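What follows is my_file.txt (compact mmCIF, N, CA and C atoms).
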```txt
# COMPACT_ATOMS: atom_id res chain seq x y z
N MET F 1 -11.29 9.63 -1.79
CA MET F 1 -12.71 9.48 -1.54
C MET F 1 -13.42 9.19 -2.85
N GLU F 2 -14.35 8.28 -2.80
CA GLU F 2 -15.11 7.91 -4.00
C GLU F 2 -16.08 9.02 -4.37
N ASP F 3 -16.29 9.16 -5.66
CA ASP F 3 -17.30 10.10 -6.14
C ASP F 3 -18.63 9.37 -6.27
N ASN F 4 -19.71 10.14 -6.21
CA ASN F 4 -21.04 9.62 -6.48
C ASN F 4 -21.44 8.48 -5.53
N ILE F 5 -21.19 8.68 -4.24
CA ILE F 5 -21.56 7.69 -3.23
C ILE F 5 -23.08 7.72 -3.09
N LYS F 6 -23.69 6.54 -3.16
CA LYS F 6 -25.15 6.47 -3.14
C LYS F 6 -25.67 5.67 -1.95
N LEU F 7 -26.91 5.95 -1.60
CA LEU F 7 -27.62 5.22 -0.57
C LEU F 7 -27.57 3.73 -0.88
N GLY F 8 -27.27 2.92 0.10
CA GLY F 8 -27.18 1.47 -0.09
C GLY F 8 -25.77 0.99 -0.36
N ASN F 9 -24.90 1.88 -0.82
CA ASN F 9 -23.51 1.55 -1.07
C ASN F 9 -22.80 1.43 0.28
N PRO F 10 -22.01 0.36 0.53
CA PRO F 10 -21.32 0.22 1.81
C PRO F 10 -20.45 1.44 2.19
N VAL F 11 -19.91 2.14 1.21
CA VAL F 11 -19.09 3.33 1.50
C VAL F 11 -19.95 4.44 2.11
N PHE F 12 -21.26 4.44 1.81
CA PHE F 12 -22.18 5.44 2.37
C PHE F 12 -22.25 5.32 3.90
N ASP F 13 -21.92 4.14 4.44
CA ASP F 13 -21.89 3.95 5.90
C ASP F 13 -20.99 4.98 6.58
N ASN F 14 -19.98 5.47 5.88
CA ASN F 14 -18.99 6.38 6.45
C ASN F 14 -19.35 7.86 6.32
N MET F 15 -20.56 8.14 5.85
CA MET F 15 -20.98 9.53 5.67
C MET F 15 -21.66 10.06 6.93
N LEU F 16 -21.29 11.28 7.29
CA LEU F 16 -21.84 11.95 8.47
C LEU F 16 -22.37 13.31 8.03
N PHE F 17 -23.58 13.65 8.49
CA PHE F 17 -24.14 14.95 8.16
C PHE F 17 -23.87 15.90 9.32
N VAL F 18 -23.22 17.02 9.01
CA VAL F 18 -22.83 18.02 10.01
C VAL F 18 -23.69 19.27 9.80
N LEU F 19 -24.35 19.70 10.86
CA LEU F 19 -25.16 20.92 10.80
C LEU F 19 -24.28 22.14 11.06
N ASP F 20 -24.66 23.27 10.47
CA ASP F 20 -23.89 24.50 10.63
C ASP F 20 -24.15 25.20 11.96
N ARG F 21 -25.25 24.83 12.62
CA ARG F 21 -25.57 25.47 13.90
C ARG F 21 -26.21 24.44 14.82
N PRO F 22 -26.05 24.65 16.12
CA PRO F 22 -26.67 23.72 17.06
C PRO F 22 -28.19 23.83 17.03
N VAL F 23 -28.87 22.76 17.43
CA VAL F 23 -30.32 22.79 17.59
C VAL F 23 -30.61 23.31 18.99
N THR F 24 -31.57 24.24 19.07
CA THR F 24 -31.94 24.86 20.34
C THR F 24 -33.46 24.83 20.49
N GLU F 25 -33.92 25.26 21.63
CA GLU F 25 -35.35 25.38 21.86
C GLU F 25 -35.98 26.33 20.85
N GLU F 26 -35.21 27.33 20.43
CA GLU F 26 -35.73 28.34 19.50
C GLU F 26 -35.82 27.84 18.05
N ASN F 27 -34.93 26.94 17.64
CA ASN F 27 -34.92 26.54 16.22
C ASN F 27 -35.26 25.08 15.97
N HIS F 28 -35.56 24.30 17.00
CA HIS F 28 -35.76 22.86 16.78
C HIS F 28 -36.93 22.56 15.85
N LYS F 29 -37.91 23.43 15.78
CA LYS F 29 -39.07 23.18 14.89
C LYS F 29 -38.70 23.36 13.42
N ASP F 30 -37.55 23.97 13.14
CA ASP F 30 -37.09 24.11 11.75
C ASP F 30 -36.73 22.76 11.15
N TYR F 31 -36.56 21.76 11.99
CA TYR F 31 -36.10 20.45 11.53
C TYR F 31 -37.20 19.39 11.61
N ARG F 32 -38.44 19.79 11.48
CA ARG F 32 -39.56 18.84 11.49
C ARG F 32 -39.46 17.91 10.28
N PHE F 33 -39.77 16.64 10.50
CA PHE F 33 -39.83 15.68 9.41
C PHE F 33 -41.24 15.10 9.40
N GLU F 34 -41.96 15.37 8.32
CA GLU F 34 -43.36 14.99 8.20
C GLU F 34 -44.11 15.52 9.42
N ASN F 35 -44.77 14.68 10.20
CA ASN F 35 -45.52 15.16 11.35
C ASN F 35 -44.72 15.09 12.65
N GLU F 36 -43.45 14.77 12.54
CA GLU F 36 -42.62 14.59 13.73
C GLU F 36 -41.83 15.85 14.04
N GLU F 37 -41.54 16.02 15.32
CA GLU F 37 -40.80 17.19 15.80
C GLU F 37 -39.70 16.73 16.74
N LEU F 38 -38.55 17.39 16.67
CA LEU F 38 -37.45 17.06 17.57
C LEU F 38 -37.84 17.32 19.02
N LEU F 39 -37.45 16.40 19.89
CA LEU F 39 -37.65 16.55 21.33
C LEU F 39 -36.29 16.47 22.00
N GLN F 40 -36.05 17.33 22.97
CA GLN F 40 -34.79 17.27 23.70
C GLN F 40 -34.90 16.14 24.72
N ILE F 41 -34.04 15.11 24.57
CA ILE F 41 -34.12 13.95 25.46
C ILE F 41 -33.10 14.02 26.59
N SER F 42 -32.09 14.84 26.44
CA SER F 42 -31.17 15.19 27.52
C SER F 42 -30.44 16.45 27.06
N GLU F 43 -29.67 17.05 27.94
CA GLU F 43 -29.05 18.32 27.58
C GLU F 43 -28.20 18.19 26.32
N GLY F 44 -28.57 18.97 25.31
CA GLY F 44 -27.82 18.98 24.05
C GLY F 44 -28.09 17.81 23.13
N VAL F 45 -29.04 16.96 23.47
CA VAL F 45 -29.36 15.79 22.63
C VAL F 45 -30.83 15.87 22.24
N TRP F 46 -31.06 15.87 20.93
CA TRP F 46 -32.41 15.96 20.38
C TRP F 46 -32.71 14.70 19.60
N ALA F 47 -33.94 14.21 19.68
CA ALA F 47 -34.33 12.98 18.98
C ALA F 47 -35.69 13.16 18.33
N MET F 48 -35.92 12.37 17.28
CA MET F 48 -37.19 12.40 16.56
C MET F 48 -37.32 11.08 15.80
N PRO F 49 -38.50 10.47 15.81
CA PRO F 49 -38.68 9.24 15.04
C PRO F 49 -38.43 9.47 13.55
N ALA F 50 -37.72 8.53 12.95
CA ALA F 50 -37.50 8.55 11.51
C ALA F 50 -38.28 7.40 10.86
N TYR F 51 -38.35 6.26 11.57
CA TYR F 51 -39.05 5.09 11.03
C TYR F 51 -39.56 4.25 12.20
N MET F 52 -40.86 4.11 12.26
CA MET F 52 -41.50 3.23 13.25
C MET F 52 -42.76 2.65 12.61
N LYS F 53 -42.85 1.33 12.61
CA LYS F 53 -44.04 0.68 12.07
C LYS F 53 -44.48 -0.42 13.03
N ASN F 54 -45.79 -0.59 13.14
CA ASN F 54 -46.33 -1.62 14.03
C ASN F 54 -45.90 -3.02 13.63
N ASP F 55 -45.73 -3.26 12.32
CA ASP F 55 -45.41 -4.60 11.85
C ASP F 55 -43.92 -4.84 11.63
N ASP F 56 -43.06 -3.97 12.19
CA ASP F 56 -41.61 -4.12 12.03
C ASP F 56 -40.95 -3.82 13.38
N ASP F 57 -40.15 -4.76 13.87
CA ASP F 57 -39.45 -4.56 15.14
C ASP F 57 -38.35 -3.51 15.03
N PHE F 58 -37.90 -3.24 13.82
CA PHE F 58 -36.84 -2.25 13.61
C PHE F 58 -37.43 -0.85 13.69
N SER F 59 -36.76 0.03 14.42
CA SER F 59 -37.14 1.45 14.42
C SER F 59 -35.87 2.29 14.40
N LEU F 60 -35.99 3.49 13.85
CA LEU F 60 -34.84 4.37 13.68
C LEU F 60 -35.22 5.78 14.09
N PHE F 61 -34.31 6.45 14.77
CA PHE F 61 -34.55 7.80 15.27
C PHE F 61 -33.43 8.73 14.83
N PHE F 62 -33.82 9.95 14.43
CA PHE F 62 -32.84 11.00 14.22
C PHE F 62 -32.25 11.35 15.58
N ILE F 63 -30.97 11.57 15.65
CA ILE F 63 -30.31 12.07 16.86
C ILE F 63 -29.46 13.25 16.42
N ILE F 64 -29.67 14.39 17.05
CA ILE F 64 -28.85 15.57 16.77
C ILE F 64 -28.16 15.96 18.06
N THR F 65 -26.84 16.03 18.00
CA THR F 65 -26.05 16.36 19.19
C THR F 65 -24.70 16.93 18.78
N GLU F 66 -24.02 17.48 19.74
CA GLU F 66 -22.67 18.00 19.52
C GLU F 66 -21.68 16.88 19.83
N ILE F 67 -20.67 16.73 18.97
CA ILE F 67 -19.65 15.72 19.21
C ILE F 67 -18.40 16.37 19.80
N ASP F 68 -17.40 15.56 20.12
CA ASP F 68 -16.21 16.02 20.83
C ASP F 68 -15.51 17.22 20.20
N ASN F 69 -15.53 17.32 18.88
CA ASN F 69 -14.83 18.43 18.21
C ASN F 69 -15.68 19.71 18.14
N GLY F 70 -16.86 19.68 18.77
CA GLY F 70 -17.71 20.86 18.82
C GLY F 70 -18.72 20.98 17.69
N GLN F 71 -18.65 20.08 16.72
CA GLN F 71 -19.61 20.12 15.61
C GLN F 71 -20.94 19.50 16.02
N THR F 72 -22.02 20.03 15.46
CA THR F 72 -23.35 19.47 15.67
C THR F 72 -23.64 18.53 14.52
N VAL F 73 -23.97 17.28 14.84
CA VAL F 73 -24.17 16.28 13.80
C VAL F 73 -25.58 15.71 13.85
N LEU F 74 -26.04 15.26 12.70
CA LEU F 74 -27.28 14.52 12.58
C LEU F 74 -26.88 13.07 12.40
N ALA F 75 -27.18 12.27 13.39
CA ALA F 75 -26.88 10.84 13.36
C ALA F 75 -28.19 10.08 13.53
N PHE F 76 -28.10 8.80 13.76
CA PHE F 76 -29.28 7.98 14.01
C PHE F 76 -29.03 7.05 15.19
N SER F 77 -30.10 6.59 15.79
CA SER F 77 -30.07 5.52 16.79
C SER F 77 -31.20 4.57 16.45
N THR F 78 -30.99 3.30 16.74
CA THR F 78 -32.07 2.34 16.59
C THR F 78 -32.82 2.26 17.91
N GLY F 79 -34.09 1.98 17.82
CA GLY F 79 -34.91 1.78 19.01
C GLY F 79 -34.77 0.35 19.47
N GLU F 80 -34.59 0.18 20.77
CA GLU F 80 -34.40 -1.17 21.30
C GLU F 80 -35.42 -1.41 22.41
N LYS F 81 -36.25 -2.44 22.21
CA LYS F 81 -37.30 -2.78 23.18
C LYS F 81 -36.88 -4.03 23.94
N ASN F 82 -36.95 -3.93 25.26
CA ASN F 82 -36.62 -5.06 26.12
C ASN F 82 -37.78 -5.20 27.10
N GLY F 83 -38.71 -6.08 26.79
CA GLY F 83 -39.93 -6.18 27.60
C GLY F 83 -40.74 -4.91 27.42
N SER F 84 -41.03 -4.23 28.51
CA SER F 84 -41.77 -2.96 28.42
C SER F 84 -40.83 -1.76 28.37
N ASP F 85 -39.52 -2.00 28.48
CA ASP F 85 -38.54 -0.91 28.43
C ASP F 85 -38.16 -0.60 27.00
N PHE F 86 -37.99 0.68 26.72
CA PHE F 86 -37.58 1.13 25.39
C PHE F 86 -36.39 2.05 25.56
N SER F 87 -35.36 1.83 24.76
CA SER F 87 -34.18 2.69 24.81
C SER F 87 -33.65 2.90 23.40
N LEU F 88 -32.74 3.85 23.28
CA LEU F 88 -32.09 4.12 22.01
C LEU F 88 -30.66 3.61 22.06
N SER F 89 -30.21 3.08 20.93
CA SER F 89 -28.83 2.60 20.83
C SER F 89 -27.87 3.79 20.87
N ASN F 90 -26.58 3.48 20.99
CA ASN F 90 -25.58 4.52 20.82
C ASN F 90 -25.74 5.08 19.41
N PRO F 91 -25.49 6.37 19.21
CA PRO F 91 -25.63 6.96 17.88
C PRO F 91 -24.73 6.28 16.84
N ILE F 92 -25.25 6.21 15.63
CA ILE F 92 -24.50 5.67 14.50
C ILE F 92 -24.43 6.73 13.41
N LEU F 93 -23.43 6.63 12.56
CA LEU F 93 -23.24 7.62 11.49
C LEU F 93 -24.50 7.74 10.63
N THR F 94 -24.70 8.91 10.09
CA THR F 94 -25.88 9.21 9.26
C THR F 94 -26.03 8.19 8.13
N GLY F 95 -24.96 7.97 7.39
CA GLY F 95 -25.01 7.05 6.25
C GLY F 95 -25.30 5.62 6.66
N LYS F 96 -24.69 5.19 7.75
CA LYS F 96 -24.92 3.82 8.23
C LYS F 96 -26.37 3.63 8.65
N GLY F 97 -26.94 4.62 9.33
CA GLY F 97 -28.35 4.54 9.72
C GLY F 97 -29.27 4.44 8.53
N LEU F 98 -29.00 5.25 7.51
CA LEU F 98 -29.83 5.21 6.30
C LEU F 98 -29.67 3.88 5.57
N ASN F 99 -28.44 3.35 5.54
CA ASN F 99 -28.24 2.04 4.91
C ASN F 99 -28.96 0.94 5.68
N LEU F 100 -28.98 1.02 7.01
CA LEU F 100 -29.74 0.04 7.80
C LEU F 100 -31.22 0.11 7.44
N LEU F 101 -31.73 1.32 7.33
CA LEU F 101 -33.15 1.51 7.00
C LEU F 101 -33.46 0.99 5.60
N THR F 102 -32.53 1.10 4.68
CA THR F 102 -32.74 0.65 3.30
C THR F 102 -33.15 -0.82 3.27
N ALA F 103 -32.61 -1.62 4.18
CA ALA F 103 -32.96 -3.04 4.23
C ALA F 103 -34.40 -3.27 4.66
N HIS F 104 -34.99 -2.28 5.35
CA HIS F 104 -36.37 -2.41 5.85
C HIS F 104 -37.38 -1.68 4.96
N ASP F 105 -36.98 -0.51 4.47
CA ASP F 105 -37.92 0.31 3.69
C ASP F 105 -37.11 1.28 2.83
N LYS F 106 -36.83 0.85 1.61
CA LYS F 106 -36.00 1.64 0.69
C LYS F 106 -36.60 3.02 0.40
N ASP F 107 -37.92 3.07 0.23
CA ASP F 107 -38.58 4.34 -0.08
C ASP F 107 -38.48 5.31 1.10
N ARG F 108 -38.64 4.80 2.32
CA ARG F 108 -38.53 5.66 3.50
C ARG F 108 -37.10 6.18 3.63
N ALA F 109 -36.12 5.33 3.39
CA ALA F 109 -34.72 5.76 3.45
C ALA F 109 -34.46 6.86 2.43
N ALA F 110 -35.00 6.71 1.22
CA ALA F 110 -34.82 7.73 0.18
C ALA F 110 -35.50 9.03 0.59
N SER F 111 -36.67 8.95 1.22
CA SER F 111 -37.39 10.13 1.68
C SER F 111 -36.59 10.87 2.76
N ILE F 112 -35.99 10.13 3.69
CA ILE F 112 -35.19 10.76 4.74
C ILE F 112 -33.93 11.37 4.15
N LEU F 113 -33.32 10.68 3.19
CA LEU F 113 -32.14 11.24 2.52
C LEU F 113 -32.50 12.55 1.83
N HIS F 114 -33.65 12.59 1.19
CA HIS F 114 -34.12 13.82 0.54
C HIS F 114 -34.28 14.94 1.58
N PHE F 115 -34.87 14.63 2.72
CA PHE F 115 -35.04 15.59 3.81
C PHE F 115 -33.67 16.16 4.24
N ILE F 116 -32.71 15.28 4.44
CA ILE F 116 -31.37 15.73 4.86
C ILE F 116 -30.72 16.57 3.76
N ASN F 117 -30.88 16.15 2.51
CA ASN F 117 -30.31 16.92 1.40
C ASN F 117 -30.96 18.30 1.26
N GLN F 118 -32.23 18.43 1.65
CA GLN F 118 -32.88 19.75 1.64
C GLN F 118 -32.22 20.66 2.67
N ILE F 119 -31.83 20.11 3.81
CA ILE F 119 -31.10 20.91 4.82
C ILE F 119 -29.78 21.38 4.23
N SER F 120 -29.12 20.51 3.48
CA SER F 120 -27.85 20.86 2.83
C SER F 120 -28.07 21.95 1.77
N LYS F 121 -29.12 21.80 0.97
CA LYS F 121 -29.41 22.80 -0.08
C LYS F 121 -29.75 24.16 0.52
N ALA F 122 -30.28 24.17 1.72
CA ALA F 122 -30.60 25.42 2.42
C ALA F 122 -29.34 26.01 3.07
N ALA F 123 -28.20 25.40 2.82
CA ALA F 123 -26.90 25.84 3.35
C ALA F 123 -26.89 25.84 4.88
N GLU F 124 -27.53 24.80 5.45
CA GLU F 124 -27.56 24.67 6.91
C GLU F 124 -26.78 23.46 7.40
N GLY F 125 -26.09 22.79 6.48
CA GLY F 125 -25.28 21.64 6.85
C GLY F 125 -24.74 20.96 5.61
N ASN F 126 -23.83 20.01 5.81
CA ASN F 126 -23.29 19.28 4.67
C ASN F 126 -22.72 17.93 5.08
N TRP F 127 -22.55 17.10 4.08
CA TRP F 127 -22.06 15.74 4.27
C TRP F 127 -20.55 15.74 4.39
N ARG F 128 -20.05 14.85 5.24
CA ARG F 128 -18.60 14.64 5.40
C ARG F 128 -18.32 13.14 5.41
N MET F 129 -17.17 12.79 4.87
CA MET F 129 -16.71 11.39 4.92
C MET F 129 -15.92 11.23 6.21
N VAL F 130 -16.24 10.20 6.97
CA VAL F 130 -15.52 9.91 8.21
C VAL F 130 -14.54 8.78 7.91
N GLU F 131 -13.29 8.99 8.27
CA GLU F 131 -12.27 7.95 8.04
C GLU F 131 -12.40 6.88 9.10
N ASN F 132 -12.18 5.64 8.72
CA ASN F 132 -12.24 4.52 9.67
C ASN F 132 -11.08 4.58 10.65
```

Rewrite the coordinates I just gave you, this time as structure tokens.
Amino acid sequence: MEDNIKLGNPVFDNMLFVLDRPVTEENHKDYRFENEELLQISEGVWAMPAYMKNDDDFSLFFIITEIDNGQTVLAFSTGEKNGSDFSLSNPILTGKGLNLLTAHDKDRAASILHFINQISKAAEGNWRMVEN
């Protein structure tokens, strides 16, 4: 594994942020980002806007859910508009989502990375490298 993997680096695409505990109705407000709050969009799946701008068709959402191995992960989904319908893409790895956002708004991507790193510093989760 490479040392000093940074935002924007293609290797960062393989980084996944794993939370130490599941998100619940009782603790979901602990994960507020700016003025946004996690909303449960289906059982065990929580979402919150990470990037939405009127002048950019690209949008990105935090997705927190449990994966097959039982770990709770913070991933991302892109917003997809089809006429008046709006849906979220399949979840993508944390690092890949941030790298996608870097192409649209580098400062916003850095701000979200800082938010995630604060969760890590609070000992509530940590980064993992996912093998291809």

Pick out the residues sitting within 9 Å of region 36-42 of chain F, and hand them over as a list of chain:residue names; count only C-alpha atoms, and ignore anything fewer than 4 positions along from it in its own chain. F:Thr24, F:Glu25, F:His28, F:Lys29, F:Asp30, F:Tyr31, F:Arg32, F:Trp46, F:Ala47, F:Met48, F:Pro49, F:Ala50, F:Phe62, F:Ile63, F:Ile64

Distance criterion (all atoms listed in the file): nearest to Met15 (chain F) out of F:Ile119, F:Ile92, F:Ala110, F:Val45: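 Smallest separation from Met15 (chain F) among the options: F:Ile92.
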
Could you check the closest approach to Met129 (chain F) for each of F:Lys81, F:Phe17, F:Asn9, F:Asp57 and tell me which residue wins, using all atoms listed in the file? F:Phe17

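With only N, CA and C atoms as the basis for measurement, F:Gln71 is the residue among F:Gln118, F:Thr78, F:Gln71, F:Ser87 that approaches Asp20 (chain F) most closely.
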
Report, in Å to a single decimal, how far apart atom N of Gly8 (chain F) and CA of Glu124 (chain F) are.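 Between CA of Glu124 (chain F) and atom N of Gly8 (chain F) the gap works out to 22.8 Å.
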
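What separates CA of Leu88 (chain F) from CA of Leu74 (chain F) is a distance of 14.8 Å.
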
For Trp127 (chain F), which residue among F:Thr94, F:Asn35, F:Asn82, F:Ser89 is the nearest when counting only C-alpha atoms?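 Under the stated criterion, the closest residue is F:Thr94.
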
Nearest-residue call for Pro10 (chain F), choices F:Lys96, F:Arg128, F:His114, F:His104, using only C-alpha atoms: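 Once distances to Pro10 (chain F) are computed over only C-alpha atoms, the minimum belongs to F:Lys96.
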
Determine which residues of chain F receive a DSSP assignment of strand (DSSP E), computed from the backbone, and state them as a PyMOL selection string. chain F and resi 15-19+39-42+45-53+56-66+72-82+85-88+125-129

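CA of Asp68 (chain F) is found 27.3 Å from CA of Lys6 (chain F).
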
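Distances to Lys106 (chain F) were evaluated for F:Leu7, F:Val130, F:Asp85, F:Pro22 using only C-alpha atoms, and the minimum falls at F:Leu7.
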
Near Phe58 (chain F), counting only C-alpha atoms, which residues have an atom at most 9 Å away, once you skip same-chain residues fewer than 4 positions from it, shown as an MDAnalysis selection string? chainID F and resid 51:53 78:80 101 104
